[in-house]
file query.cif (mmCIF, C-alpha atoms)
data_model
loop_
_atom_site.label_atom_id
_atom_site.label_comp_id
_atom_site.auth_asym_id
_atom_site.auth_seq_id
_atom_site.Cartn_x
_atom_site.Cartn_y
_atom_site.Cartn_z
CA MET A 1262 -104.07 -21.71 -20.25
CA THR A 1263 -103.37 -25.40 -20.92
CA LEU A 1264 -99.86 -26.24 -22.04
CA ARG A 1265 -100.05 -28.42 -25.14
CA PHE A 1266 -97.02 -29.58 -27.09
CA ASP A 1267 -98.29 -29.61 -30.66
CA THR A 1268 -95.20 -28.90 -32.75
CA VAL A 1269 -91.85 -30.48 -33.58
CA LEU A 1270 -89.02 -28.22 -34.73
CA VAL A 1271 -86.66 -30.07 -37.07
CA ARG A 1272 -83.16 -28.71 -37.64
CA PHE A 1273 -80.66 -29.58 -40.32
CA GLY A 1274 -76.95 -28.79 -40.55
CA GLU A 1275 -74.79 -28.82 -43.66
CA ILE A 1276 -77.77 -28.63 -46.00
CA ALA A 1277 -77.96 -24.98 -44.98
CA VAL A 1278 -74.53 -24.13 -46.45
CA LYS A 1279 -75.29 -25.52 -49.92
CA SER A 1280 -76.06 -23.32 -52.92
CA PRO A 1281 -79.72 -22.22 -53.15
CA VAL A 1282 -80.56 -24.76 -55.86
CA VAL A 1283 -78.86 -27.66 -54.07
CA ARG A 1284 -80.29 -26.60 -50.73
CA ARG A 1285 -83.81 -26.57 -52.12
CA ARG A 1286 -83.36 -30.02 -53.65
CA MET A 1287 -81.99 -31.45 -50.40
CA GLU A 1288 -84.69 -29.84 -48.27
CA ASP A 1289 -87.34 -31.29 -50.58
CA LYS A 1290 -85.76 -34.73 -50.25
CA LEU A 1291 -85.55 -34.42 -46.47
CA ILE A 1292 -89.24 -33.50 -46.28
CA ASP A 1293 -90.16 -36.42 -48.55
CA ASN A 1294 -88.11 -38.78 -46.38
CA LEU A 1295 -89.71 -37.49 -43.18
CA LEU A 1296 -93.22 -37.86 -44.58
CA HIS A 1297 -92.47 -41.35 -45.82
CA MET A 1298 -91.05 -42.51 -42.48
CA LEU A 1299 -93.98 -41.01 -40.57
CA LYS A 1300 -96.45 -42.73 -42.87
CA ARG A 1301 -94.63 -46.07 -42.60
CA CYS A 1302 -94.81 -45.83 -38.81
CA GLY A 1303 -98.54 -45.13 -38.96
CA ILE A 1304 -98.28 -41.55 -37.71
CA GLY A 1305 -101.03 -39.49 -39.31
CA SER A 1306 -102.56 -36.06 -38.73
CA THR A 1307 -99.28 -34.26 -39.40
CA VAL A 1308 -98.71 -31.05 -41.35
CA LEU A 1309 -95.23 -29.99 -42.47
CA ASP A 1310 -94.20 -26.39 -42.95
CA ARG A 1311 -90.88 -24.99 -44.09
CA GLU A 1312 -89.18 -21.84 -42.84
CA TRP A 1313 -85.60 -20.72 -43.27
CA GLY A 1314 -83.40 -23.21 -41.42
CA ARG A 1315 -86.32 -25.23 -40.03
CA ILE A 1316 -88.83 -27.86 -40.97
CA ILE A 1317 -91.83 -27.47 -38.68
CA ILE A 1318 -94.20 -30.36 -38.06
CA TYR A 1319 -97.61 -29.72 -36.51
CA THR A 1320 -98.91 -32.91 -34.92
CA PRO A 1321 -100.81 -34.30 -31.93
CA HIS A 1322 -98.26 -37.14 -31.81
CA VAL A 1323 -95.20 -35.15 -30.74
CA ASP A 1324 -93.26 -37.95 -29.02
CA ASP A 1325 -93.72 -40.37 -31.92
CA VAL A 1326 -92.74 -37.75 -34.48
CA CYS A 1327 -89.58 -36.91 -32.52
CA ARG A 1328 -88.63 -40.57 -32.35
CA VAL A 1329 -89.04 -41.04 -36.10
CA ALA A 1330 -87.35 -37.77 -37.07
CA CYS A 1331 -84.29 -38.70 -35.00
CA ARG A 1332 -83.74 -41.62 -37.40
CA CYS A 1333 -83.96 -39.48 -40.52
CA PHE A 1334 -80.60 -38.69 -42.11
CA GLY A 1335 -80.07 -34.96 -42.59
CA VAL A 1336 -81.77 -34.09 -39.28
CA THR A 1337 -79.34 -32.70 -36.69
CA SER A 1338 -81.83 -32.24 -33.85
CA VAL A 1339 -85.52 -31.96 -33.04
CA SER A 1340 -87.45 -30.25 -30.27
CA PRO A 1341 -91.02 -30.81 -29.09
CA ALA A 1342 -92.49 -27.32 -28.76
CA VAL A 1343 -95.56 -25.34 -27.80
CA ARG A 1344 -96.80 -23.09 -30.59
CA THR A 1345 -98.17 -19.67 -29.75
CA ASP A 1346 -99.02 -16.53 -31.67
CA LEU A 1347 -96.60 -13.62 -31.95
CA SER A 1348 -98.17 -11.39 -29.32
CA LEU A 1349 -95.97 -10.64 -26.33
CA ASP A 1350 -98.71 -11.67 -23.90
CA SER A 1351 -99.11 -15.10 -25.49
CA ILE A 1352 -95.38 -15.73 -25.44
CA ARG A 1353 -95.13 -14.65 -21.80
CA ASP A 1354 -98.07 -16.84 -20.78
CA THR A 1355 -96.58 -19.87 -22.53
CA VAL A 1356 -93.13 -19.41 -20.98
CA ILE A 1357 -94.62 -18.96 -17.51
CA LYS A 1358 -96.73 -22.08 -17.89
CA LEU A 1359 -93.74 -24.14 -19.03
CA ALA A 1360 -91.61 -22.76 -16.20
CA GLN A 1361 -94.25 -23.70 -13.65
CA THR A 1362 -94.26 -27.22 -15.08
CA VAL A 1363 -90.51 -27.92 -15.23
CA LEU A 1364 -88.95 -25.68 -12.55
CA ALA A 1365 -88.97 -25.95 -8.76
CA PRO A 1366 -87.53 -23.82 -5.93
CA GLY A 1367 -83.75 -24.03 -5.71
CA MET A 1368 -83.25 -24.75 -9.41
CA ARG A 1369 -81.13 -22.69 -11.78
CA PHE A 1370 -82.57 -21.62 -15.12
CA ALA A 1371 -81.83 -19.62 -18.25
CA ILE A 1372 -83.87 -18.15 -21.09
CA GLU A 1373 -82.61 -18.26 -24.67
CA VAL A 1374 -84.31 -16.38 -27.50
CA ASN A 1375 -83.81 -16.83 -31.24
CA ARG A 1376 -85.48 -13.93 -33.07
CA ALA A 1377 -85.47 -15.24 -36.64
CA ASN A 1378 -88.34 -12.86 -37.43
CA LYS A 1379 -86.63 -9.47 -37.36
CA ARG A 1380 -89.98 -7.69 -37.62
CA PHE A 1381 -90.79 -8.74 -34.07
CA PRO A 1382 -90.82 -5.49 -32.05
CA TYR A 1383 -88.49 -6.65 -29.24
CA THR A 1384 -84.84 -7.59 -29.52
CA SER A 1385 -83.67 -10.97 -28.29
CA LEU A 1386 -82.04 -9.39 -25.24
CA GLU A 1387 -85.14 -7.36 -24.38
CA LEU A 1388 -87.36 -10.43 -24.63
CA LYS A 1389 -84.97 -12.51 -22.51
CA LYS A 1390 -85.11 -9.91 -19.74
CA ILE A 1391 -88.91 -9.74 -19.82
CA LEU A 1392 -89.35 -13.51 -19.79
CA GLY A 1393 -86.68 -14.08 -17.14
CA SER A 1394 -88.36 -11.56 -14.87
CA ASP A 1395 -91.72 -13.26 -15.40
CA VAL A 1396 -90.33 -16.67 -14.46
CA LEU A 1397 -88.72 -15.31 -11.29
CA SER A 1398 -92.04 -13.72 -10.32
CA TYR A 1399 -94.19 -16.80 -10.85
CA VAL A 1400 -91.85 -19.53 -9.60
CA LYS A 1401 -90.26 -18.58 -6.29
CA GLY A 1402 -86.82 -19.63 -5.13
CA LEU A 1403 -85.17 -19.81 -8.55
CA LYS A 1404 -81.74 -18.60 -9.59
CA VAL A 1405 -80.67 -17.32 -12.98
CA ASP A 1406 -77.58 -19.16 -14.22
CA LEU A 1407 -76.55 -18.59 -17.83
CA GLU A 1408 -73.50 -20.87 -17.61
CA ARG A 1409 -74.81 -24.07 -15.99
CA PRO A 1410 -78.60 -23.94 -15.73
CA ASP A 1411 -80.61 -26.95 -14.64
CA VAL A 1412 -83.21 -26.04 -17.27
CA THR A 1413 -83.05 -23.73 -20.25
CA ILE A 1414 -86.29 -22.47 -21.75
CA TYR A 1415 -85.95 -21.62 -25.43
CA VAL A 1416 -88.10 -19.27 -27.48
CA GLU A 1417 -87.96 -19.10 -31.27
CA ILE A 1418 -89.65 -16.18 -32.96
CA ARG A 1419 -90.58 -17.23 -36.49
CA ASP A 1420 -92.58 -15.65 -39.32
CA ARG A 1421 -96.05 -16.83 -38.29
CA TYR A 1422 -95.67 -18.20 -34.78
CA ALA A 1423 -93.44 -18.32 -31.75
CA TYR A 1424 -92.32 -21.66 -30.34
CA VAL A 1425 -91.44 -22.42 -26.73
CA PHE A 1426 -89.52 -25.54 -25.72
CA LYS A 1427 -86.81 -26.92 -23.45
CA ASP A 1428 -85.50 -30.17 -25.00
CA PHE A 1429 -83.19 -31.04 -27.87
CA HIS A 1430 -83.12 -34.59 -29.22
CA GLU A 1431 -80.10 -35.40 -31.36
CA GLY A 1432 -80.57 -36.64 -34.92
CA PRO A 1433 -78.00 -38.43 -37.09
CA GLY A 1434 -77.05 -35.36 -39.12
CA GLY A 1435 -75.46 -35.81 -42.53
CA LEU A 1436 -77.35 -35.56 -45.81
CA PRO A 1437 -80.84 -36.79 -46.72
CA TYR A 1438 -80.92 -40.44 -47.72
CA GLY A 1439 -80.77 -40.82 -51.50
CA VAL A 1440 -79.39 -37.43 -52.58
CA GLU A 1441 -75.94 -38.79 -53.47
CA GLY A 1442 -76.91 -41.78 -55.60
CA ARG A 1443 -76.79 -45.52 -55.08
CA VAL A 1444 -74.17 -47.92 -53.69
CA VAL A 1445 -74.11 -51.62 -52.83
CA SER A 1446 -72.85 -52.69 -49.42
CA LEU A 1447 -71.36 -56.02 -48.32
CA ILE A 1448 -73.00 -56.69 -44.96
CA SER A 1449 -71.75 -59.60 -42.85
CA GLY A 1450 -73.80 -58.91 -39.73
CA GLY A 1451 -70.76 -57.81 -37.73
CA VAL A 1452 -70.07 -54.42 -36.21
CA ASP A 1453 -67.73 -53.11 -38.90
CA SER A 1454 -69.98 -53.61 -41.92
CA ALA A 1455 -73.03 -52.35 -40.00
CA VAL A 1456 -71.26 -49.13 -39.04
CA ALA A 1457 -69.78 -48.68 -42.52
CA THR A 1458 -73.20 -49.06 -44.12
CA TRP A 1459 -74.77 -46.61 -41.68
CA LEU A 1460 -72.05 -44.06 -42.39
CA VAL A 1461 -72.59 -44.05 -46.16
CA MET A 1462 -76.33 -43.83 -45.59
CA LYS A 1463 -75.61 -40.78 -43.46
CA ARG A 1464 -73.75 -39.23 -46.39
CA GLY A 1465 -76.86 -39.42 -48.54
CA CYS A 1466 -76.23 -42.72 -50.33
CA GLU A 1467 -79.05 -45.11 -51.16
CA VAL A 1468 -77.81 -48.56 -50.14
CA ILE A 1469 -78.51 -51.93 -51.74
CA PRO A 1470 -77.39 -54.54 -49.15
CA ILE A 1471 -75.64 -57.79 -50.09
CA TYR A 1472 -75.37 -60.67 -47.65
CA CYS A 1473 -72.94 -63.48 -48.50
CA ASP A 1474 -74.27 -66.66 -46.89
CA LEU A 1475 -71.47 -69.09 -46.03
CA THR A 1476 -73.75 -72.06 -45.30
CA PRO A 1477 -72.68 -74.79 -44.47
CA TYR A 1478 -69.50 -73.15 -43.14
CA THR A 1479 -71.24 -70.76 -40.76
CA SER A 1480 -73.77 -71.01 -37.93
CA GLU A 1481 -77.46 -70.26 -37.64
CA GLU A 1482 -76.51 -67.72 -34.96
CA ALA A 1483 -74.41 -65.85 -37.53
CA ARG A 1484 -77.28 -65.77 -40.01
CA GLU A 1485 -79.67 -64.59 -37.30
CA ARG A 1486 -77.24 -61.84 -36.33
CA ALA A 1487 -77.11 -60.68 -39.95
CA ARG A 1488 -80.92 -60.68 -40.16
CA ARG A 1489 -81.17 -58.54 -37.05
CA VAL A 1490 -78.55 -56.08 -38.29
CA LEU A 1491 -80.39 -55.76 -41.60
CA GLN A 1492 -83.66 -55.17 -39.76
CA TRP A 1493 -81.95 -52.47 -37.69
CA LEU A 1494 -80.60 -50.78 -40.83
CA ARG A 1495 -84.04 -51.04 -42.41
CA GLU A 1496 -85.44 -48.66 -39.81
CA TRP A 1497 -83.24 -45.89 -41.24
CA VAL A 1498 -84.36 -46.39 -44.87
CA PRO A 1499 -87.23 -44.14 -46.04
CA GLN A 1500 -88.50 -46.54 -48.71
CA ASP A 1501 -91.47 -48.90 -48.98
CA ARG A 1502 -89.26 -51.64 -50.37
CA TRP A 1503 -85.61 -52.36 -49.64
CA ARG A 1504 -83.99 -54.99 -51.84
CA LEU A 1505 -81.52 -57.46 -50.35
CA TYR A 1506 -79.26 -59.72 -52.40
CA VAL A 1507 -78.43 -63.04 -50.73
CA VAL A 1508 -75.38 -64.72 -52.26
CA PRO A 1509 -74.86 -68.48 -51.54
CA LEU A 1510 -71.12 -68.04 -51.07
CA GLY A 1511 -70.74 -71.38 -49.27
CA ARG A 1512 -71.59 -73.21 -52.50
CA ALA A 1513 -68.59 -71.70 -54.24
CA HIS A 1514 -66.29 -72.87 -51.46
CA GLU A 1515 -67.66 -76.39 -51.82
CA LYS A 1516 -66.30 -76.34 -55.38
CA VAL A 1517 -62.76 -75.52 -54.14
CA PRO A 1518 -61.94 -77.95 -51.30
CA ASN A 1519 -58.17 -77.37 -51.46
CA ALA A 1520 -57.84 -73.57 -51.35
CA GLY A 1521 -55.51 -73.78 -48.34
CA ARG A 1522 -53.86 -70.48 -47.43
CA TYR A 1523 -55.77 -68.77 -50.26
CA ARG A 1524 -59.18 -69.44 -48.73
CA CYS A 1525 -59.78 -65.96 -47.29
CA LEU A 1526 -58.35 -64.19 -50.32
CA LEU A 1527 -60.52 -66.26 -52.63
CA CYS A 1528 -63.55 -65.55 -50.48
CA LYS A 1529 -63.01 -61.80 -50.51
CA VAL A 1530 -62.36 -61.64 -54.25
CA LEU A 1531 -65.57 -63.58 -54.87
CA MET A 1532 -67.47 -61.12 -52.69
CA TYR A 1533 -66.03 -58.17 -54.58
CA ARG A 1534 -66.69 -59.66 -58.00
CA VAL A 1535 -70.30 -60.54 -57.19
CA ALA A 1536 -70.85 -57.14 -55.57
CA GLU A 1537 -69.58 -55.50 -58.75
CA GLU A 1538 -72.12 -57.43 -60.81
CA VAL A 1539 -74.93 -56.44 -58.43
CA ALA A 1540 -73.77 -52.82 -58.65
CA ARG A 1541 -73.98 -52.93 -62.45
CA ARG A 1542 -77.49 -54.36 -62.31
CA GLU A 1543 -78.61 -51.75 -59.80
CA ARG A 1544 -76.79 -48.89 -61.54
CA ALA A 1545 -74.85 -48.25 -58.35
CA LYS A 1546 -71.70 -46.14 -58.32
CA ALA A 1547 -69.57 -47.90 -55.68
CA ILE A 1548 -69.14 -50.89 -53.38
CA VAL A 1549 -69.09 -50.35 -49.61
CA THR A 1550 -67.21 -52.60 -47.18
CA GLY A 1551 -66.46 -52.54 -43.45
CA GLU A 1552 -62.73 -53.16 -43.84
CA SER A 1553 -60.19 -51.47 -41.56
CA ILE A 1554 -56.46 -51.47 -42.25
CA GLY A 1555 -54.68 -54.25 -40.38
CA GLN A 1556 -57.64 -55.37 -38.31
CA VAL A 1557 -57.62 -58.98 -39.56
CA ALA A 1558 -55.43 -61.01 -41.92
CA SER A 1559 -57.47 -60.21 -45.02
CA GLN A 1560 -57.31 -56.47 -44.33
CA THR A 1561 -53.61 -55.67 -44.62
CA LEU A 1562 -52.86 -52.81 -46.97
CA ASP A 1563 -51.41 -55.25 -49.51
CA ASN A 1564 -54.58 -57.33 -49.44
CA LEU A 1565 -56.85 -54.29 -49.67
CA TYR A 1566 -54.89 -53.12 -52.70
CA PHE A 1567 -55.17 -56.58 -54.24
CA LEU A 1568 -58.93 -56.62 -53.68
CA SER A 1569 -59.49 -53.11 -55.01
CA THR A 1570 -57.59 -53.91 -58.20
CA SER A 1571 -59.58 -57.11 -58.71
CA ILE A 1572 -62.55 -55.04 -59.92
CA ARG A 1573 -63.20 -51.77 -61.74
CA MET A 1574 -65.91 -50.42 -59.48
CA PRO A 1575 -64.82 -47.86 -56.83
CA VAL A 1576 -64.63 -49.22 -53.28
CA ILE A 1577 -65.68 -47.09 -50.30
CA ARG A 1578 -64.35 -48.13 -46.88
CA PRO A 1579 -65.86 -45.71 -44.32
CA VAL A 1580 -64.08 -47.23 -41.28
CA VAL A 1581 -60.74 -47.93 -42.96
CA ALA A 1582 -58.71 -45.74 -40.57
CA MET A 1583 -60.64 -46.52 -37.39
CA ASP A 1584 -59.53 -49.09 -34.84
CA LYS A 1585 -61.79 -51.64 -33.18
CA ASN A 1586 -62.49 -49.45 -30.15
CA GLU A 1587 -63.43 -46.45 -32.27
CA ILE A 1588 -65.76 -48.50 -34.45
CA GLY A 1589 -67.30 -50.08 -31.35
CA ALA A 1590 -67.85 -46.69 -29.72
CA LEU A 1591 -69.68 -45.43 -32.79
CA ALA A 1592 -71.73 -48.63 -32.95
CA ARG A 1593 -72.80 -48.10 -29.34
CA ARG A 1594 -73.73 -44.48 -30.01
CA ILE A 1595 -75.97 -45.31 -32.94
CA GLY A 1596 -77.51 -48.35 -31.24
CA VAL A 1597 -76.29 -51.34 -33.27
CA TYR A 1598 -73.50 -52.67 -31.04
CA ASP A 1599 -75.56 -55.05 -28.91
CA ILE A 1600 -76.97 -56.64 -32.07
CA ALA A 1601 -73.83 -56.82 -34.21
CA ALA A 1602 -71.30 -57.68 -31.48
CA ARG A 1603 -72.94 -60.99 -30.55
CA ASP A 1604 -70.33 -63.73 -30.38
CA VAL A 1605 -71.11 -66.20 -33.18
CA ILE A 1606 -69.27 -68.74 -35.31
CA ALA A 1607 -69.13 -66.65 -38.47
CA CYS A 1608 -66.82 -68.84 -40.58
CA LYS A 1609 -65.32 -72.31 -40.20
CA LEU A 1610 -63.06 -71.99 -43.24
CA VAL A 1611 -60.39 -69.59 -41.97
CA PRO A 1612 -56.97 -71.25 -42.42
CA LYS A 1613 -54.30 -71.20 -39.74
CA TYR A 1614 -51.92 -69.16 -41.90
CA PRO A 1615 -53.91 -67.11 -44.45
CA ILE A 1616 -52.32 -65.01 -47.18
CA THR A 1617 -51.61 -61.60 -45.64
CA HIS A 1618 -49.57 -59.88 -48.38
CA ALA A 1619 -51.18 -60.77 -51.68
CA LYS A 1620 -49.18 -60.10 -54.84
CA GLU A 1621 -49.91 -60.04 -58.56
CA LYS A 1622 -48.73 -63.62 -58.97
CA ASP A 1623 -51.52 -64.73 -56.66
CA ARG A 1624 -54.10 -63.80 -59.29
CA LYS A 1625 -52.95 -66.77 -61.33
CA VAL A 1626 -53.61 -69.06 -58.35
CA LEU A 1627 -57.16 -67.74 -58.07
CA GLU A 1628 -57.66 -68.22 -61.80
CA ASP A 1629 -56.57 -71.83 -61.41
CA PHE A 1630 -59.33 -72.26 -58.82
CA GLY A 1631 -61.80 -71.40 -61.61
CA ILE A 1632 -62.82 -68.07 -60.12
CA GLU A 1633 -64.67 -66.94 -63.27
CA ASN A 1634 -66.92 -70.00 -63.15
CA LEU A 1635 -67.45 -69.50 -59.41
CA VAL A 1636 -68.55 -65.90 -59.95
CA GLU A 1637 -70.98 -67.02 -62.66
CA LEU A 1638 -72.36 -69.68 -60.31
CA LEU A 1639 -72.95 -67.19 -57.50
CA VAL A 1640 -74.52 -64.56 -59.73
CA ARG A 1641 -76.82 -67.18 -61.23
CA GLU A 1642 -77.94 -68.57 -57.87
CA MET A 1643 -78.12 -65.41 -55.77
CA GLU A 1644 -81.60 -64.42 -54.62
CA VAL A 1645 -83.28 -61.05 -54.30
CA THR A 1646 -85.68 -60.48 -51.44
CA GLU A 1647 -87.35 -57.45 -49.89
CA LEU A 1648 -87.04 -56.23 -46.33
#
call {"tool": "encode", "arguments": {"input": "query.cif", "output": "C-alpha cells"}}
result
Amino acid sequence: MTLRFDTVLVRFGEIAVKSPVVRRRMEDKLIDNLLHMLKRCGIGSTVLDREWGRIIIYTPHVDDVCRVACRCFGVTSVSPAVRTDLSLDSIRDTVIKLAQTVLAPGMRFAIEVNRANKRFPYTSLELKKILGSDVLSYVKGLKVDLERPDVTIYVEIRDRYAYVFKDFHEGPGGLPYGVEGRVVSLISGGVDSAVATWLVMKRGCEVIPIYCDLTPYTSEEARERARRVLQWLREWVPQDRWRLYVVPLGRAHEKVPNAGRYRCLLCKVLMYRVAEEVARRERAKAIVTGESIGQVASQTLDNLYFLSTSIRMPVIRPVVAMDKNEIGALARRIGVYDIAARDVIACKLVPKYPITHAKEKDRKVLEDFGIENLVELLVREMEVTEL
C-alpha cells in the first residue's frame, strides 16, 4: 500500500457556535473565499466537501492547499491527511504505513481517534487500542506516551471516509473575510496600522485601504515600506481586485507653511476627514486606525477624543490598549514585522513640541488654516488604484 496524502482537513472555530442560519452563511462564505484564494494561486484539481465541523479538500497539491488555507480568515487549523475507506482493515493499514514512515525505535507515540461518525462499529477507545497495538507490532522499540509523545497519529472517522494524519498547521482563526461588512483603513506602512488592519480583516471586515502620501515631506523608503505592507495584506484578501486610495497629503501641508505646533493635529484631522469621505463613497461602516493610547504625541486620550469628534463616522482602533511590545509580538507572529518595522524617515514635518492635549478651542485654529478647502483639495486629487 502506497501512502498518498490526498486530502486537507480544514477546521473553523467560532463559526461553529453561531445559529444554524448564520453558521450556514459563514460556512458558505468561507468556502467561497477558499476557492477564490486557491484559484488566484493557480491551484486547480481541487474538490471541496462539507461535513459537520469540517471543510474537506481533496487535492493532489496538499502542501500548496495547506499554505493557502492558512491565510484564509475563519480557518483555525488545517491538516494534510490520507483518505481511506471506513473498513477497519483499511484504517489499520493506513495507520501502520504512516507509523512506519514517521516513527523510529526509541520514539514515543500516541494515537488519537475522533469518531464523528457514530455509526462506526468501534468506539474511539476500542479503535485506539487496536491501532496502538498494531503500531507497536510493526515498528519495534517504540513507547506509548499519551502525555508527551514525539509523534501523535490522528484518525478521524467521518460519514464517508476515515482520515489519518499527524500534523496541524495553524490558521488565523476569526471570521470569514467579508461577512461583517466594509471598513476603510488608514495604512501608513508602519507596524501599528498593518496589525490593526489585519485584526479587523480577521473579524470578517472587508477593508478598503487608504494611504496618505506625505511627499515631499517623506522618503522613498517610507513609500516603499508602505507598498510592501500593502502587498503583504493583499495576500490575505480573497478578491480579484482590491482598491487602494492614495491621498496626496503632502500637497495640503504645502498650503499651510506655518502650522507650527498644530502640524500633527492638522495632519490627523485631514486624514480622518478624507477617510470619512472615502467611507461614504465605498458605503463603509467605520474607519480603522493603528492608534494606541499614549504611544506618540498625537495619540494621547485627549487627542484621540478630539479626532473622533472631528467626524461622524465610527472609528475602530484594534490596538488601542496594546503597548509597542505587544503590537510587535503580534506583528512577528503574523509575519509582517520585518516589513513594517524597517527604519525609515516617515515624516519631516513633526514639530518639536506638538499639541498633545487638544481642546475644543483648537478647532477654530484648524478652521483658520482653511481645513475645509484642504479636505476638498485632497478628495479631488486622491487617486484610486488596484492591487
call {"tool": "resolve_selection", "arguments": {"input": "query.cif", "expression": "the PyMOL selection byres ((chain A and resi 1542-1559) around 9)", "output": "MDAnalysis selection string"}}
result
chainID A and resid 1442:1449 1451:1458 1461 1467:1469 1525:1526 1529 1533 1536:1541 1560:1562 1564:1565 1574:1585 1614:1618
call {"tool": "resolve_selection", "arguments": {"input": "query.cif", "expression": "the PyMOL selection byres ((chain A and resi 1493) around 12)", "output": "MDAnalysis selection string"}}
result
chainID A and resid 1332 1450 1455:1456 1458:1459 1486:1492 1494:1498 1592 1595:1601 1648
call {"tool": "closest_residue", "arguments": {"input": "query.cif", "among": "A:Asp1604, A:Ala1619, A:Ile1471, A:Lys1609", "to": "Val1645 of chain A", "atoms": "all atoms listed in the file"}}
result
A:Ile1471
call {"tool": "closest_residue", "arguments": {"input": "query.cif", "among": "A:Leu1397, A:Val1636, A:Val1530, A:Leu1388", "to": "Val1508 of chain A", "atoms": "all atoms listed in the file"}}
result
A:Val1636
call {"tool": "closest_residue", "arguments": {"input": "query.cif", "among": "A:Leu1270, A:Val1282, A:Leu1510, A:Leu1309", "to": "Val1416 of chain A", "atoms": "all atoms listed in the file"}}
result
A:Leu1270
call {"tool": "closest_residue", "arguments": {"input": "query.cif", "among": "A:Glu1644, A:Glu1288, A:Glu1373, A:Asp1267", "to": "Glu1387 of chain A", "atoms": "only C-alpha atoms"}}
result
A:Glu1373
call {"tool": "residues_around", "arguments": {"input": "query.cif", "residues": "Lys1358 of chain A", "least_positions_apart": "2", "cutoff": "12 Å", "atoms": "only C-alpha atoms", "output": "NGL selection string"}}
result
:A and (1262-1266 or 1343 or 1351-1356 or 1360-1364 or 1392 or 1395-1396 or 1399-1400 or 1414 or 1425-1426)
call {"tool": "atom_distance", "arguments": {"input": "query.cif", "atom1": "atom CA of Arg1573 of chain A", "atom2": "atom CA of Val1535 of chain A"}}
result
12.2 Å
call {"tool": "residues_around", "arguments": {"input": "query.cif", "residues": "Asp1289 of chain A", "least_positions_apart": "5", "cutoff": "12 Å", "atoms": "all atoms listed in the file", "output": "list of chain:residue names"}}
result
A:Ile1276, A:Val1282, A:Val1283, A:Arg1284, A:Asn1294, A:Leu1295, A:Leu1296, A:Leu1309, A:Asp1310, A:Arg1311, A:Ile1316, A:Gly1335, A:Leu1436, A:Pro1437, A:Tyr1438, A:Gly1439, A:Val1440
call {"tool": "resolve_selection", "arguments": {"input": "query.cif", "expression": "the PyMOL selection byres ((chain A and resi 1421) around 8)", "output": "count of residues only"}}
result
6
call {"tool": "closest_residue", "arguments": {"input": "query.cif", "among": "A:His1322, A:Leu1299, A:Gly1314, A:Leu1291", "to": "Ala1277 of chain A", "atoms": "all atoms listed in the file"}}
result
A:Gly1314
call {"tool": "residues_around", "arguments": {"input": "query.cif", "residues": "Glu1637 of chain A", "least_positions_apart": "2", "cutoff": "10 Å", "atoms": "only C-alpha atoms", "output": "list in words"}}
result
Ala1513, Arg1534, Val1535, Glu1538, Ile1632, Glu1633, Asn1634, Leu1635, Leu1639, Val1640, Arg1641 and Glu1642 of chain A
call {"tool": "residues_around", "arguments": {"input": "query.cif", "residues": "segment 1477-1485 of chain A", "least_positions_apart": "5", "cutoff": "7 Å", "atoms": "all atoms listed in the file", "output": "list in words"}}
result
Gly1511, Val1605, Ile1606, Ala1607, Cys1608, Lys1609 and Leu1610 of chain A
call {"tool": "atom_distance", "arguments": {"input": "query.cif", "atom1": "atom CA of Arg1376 of chain A", "atom2": "atom CA of Ile1418 of chain A"}}
result
4.7 Å
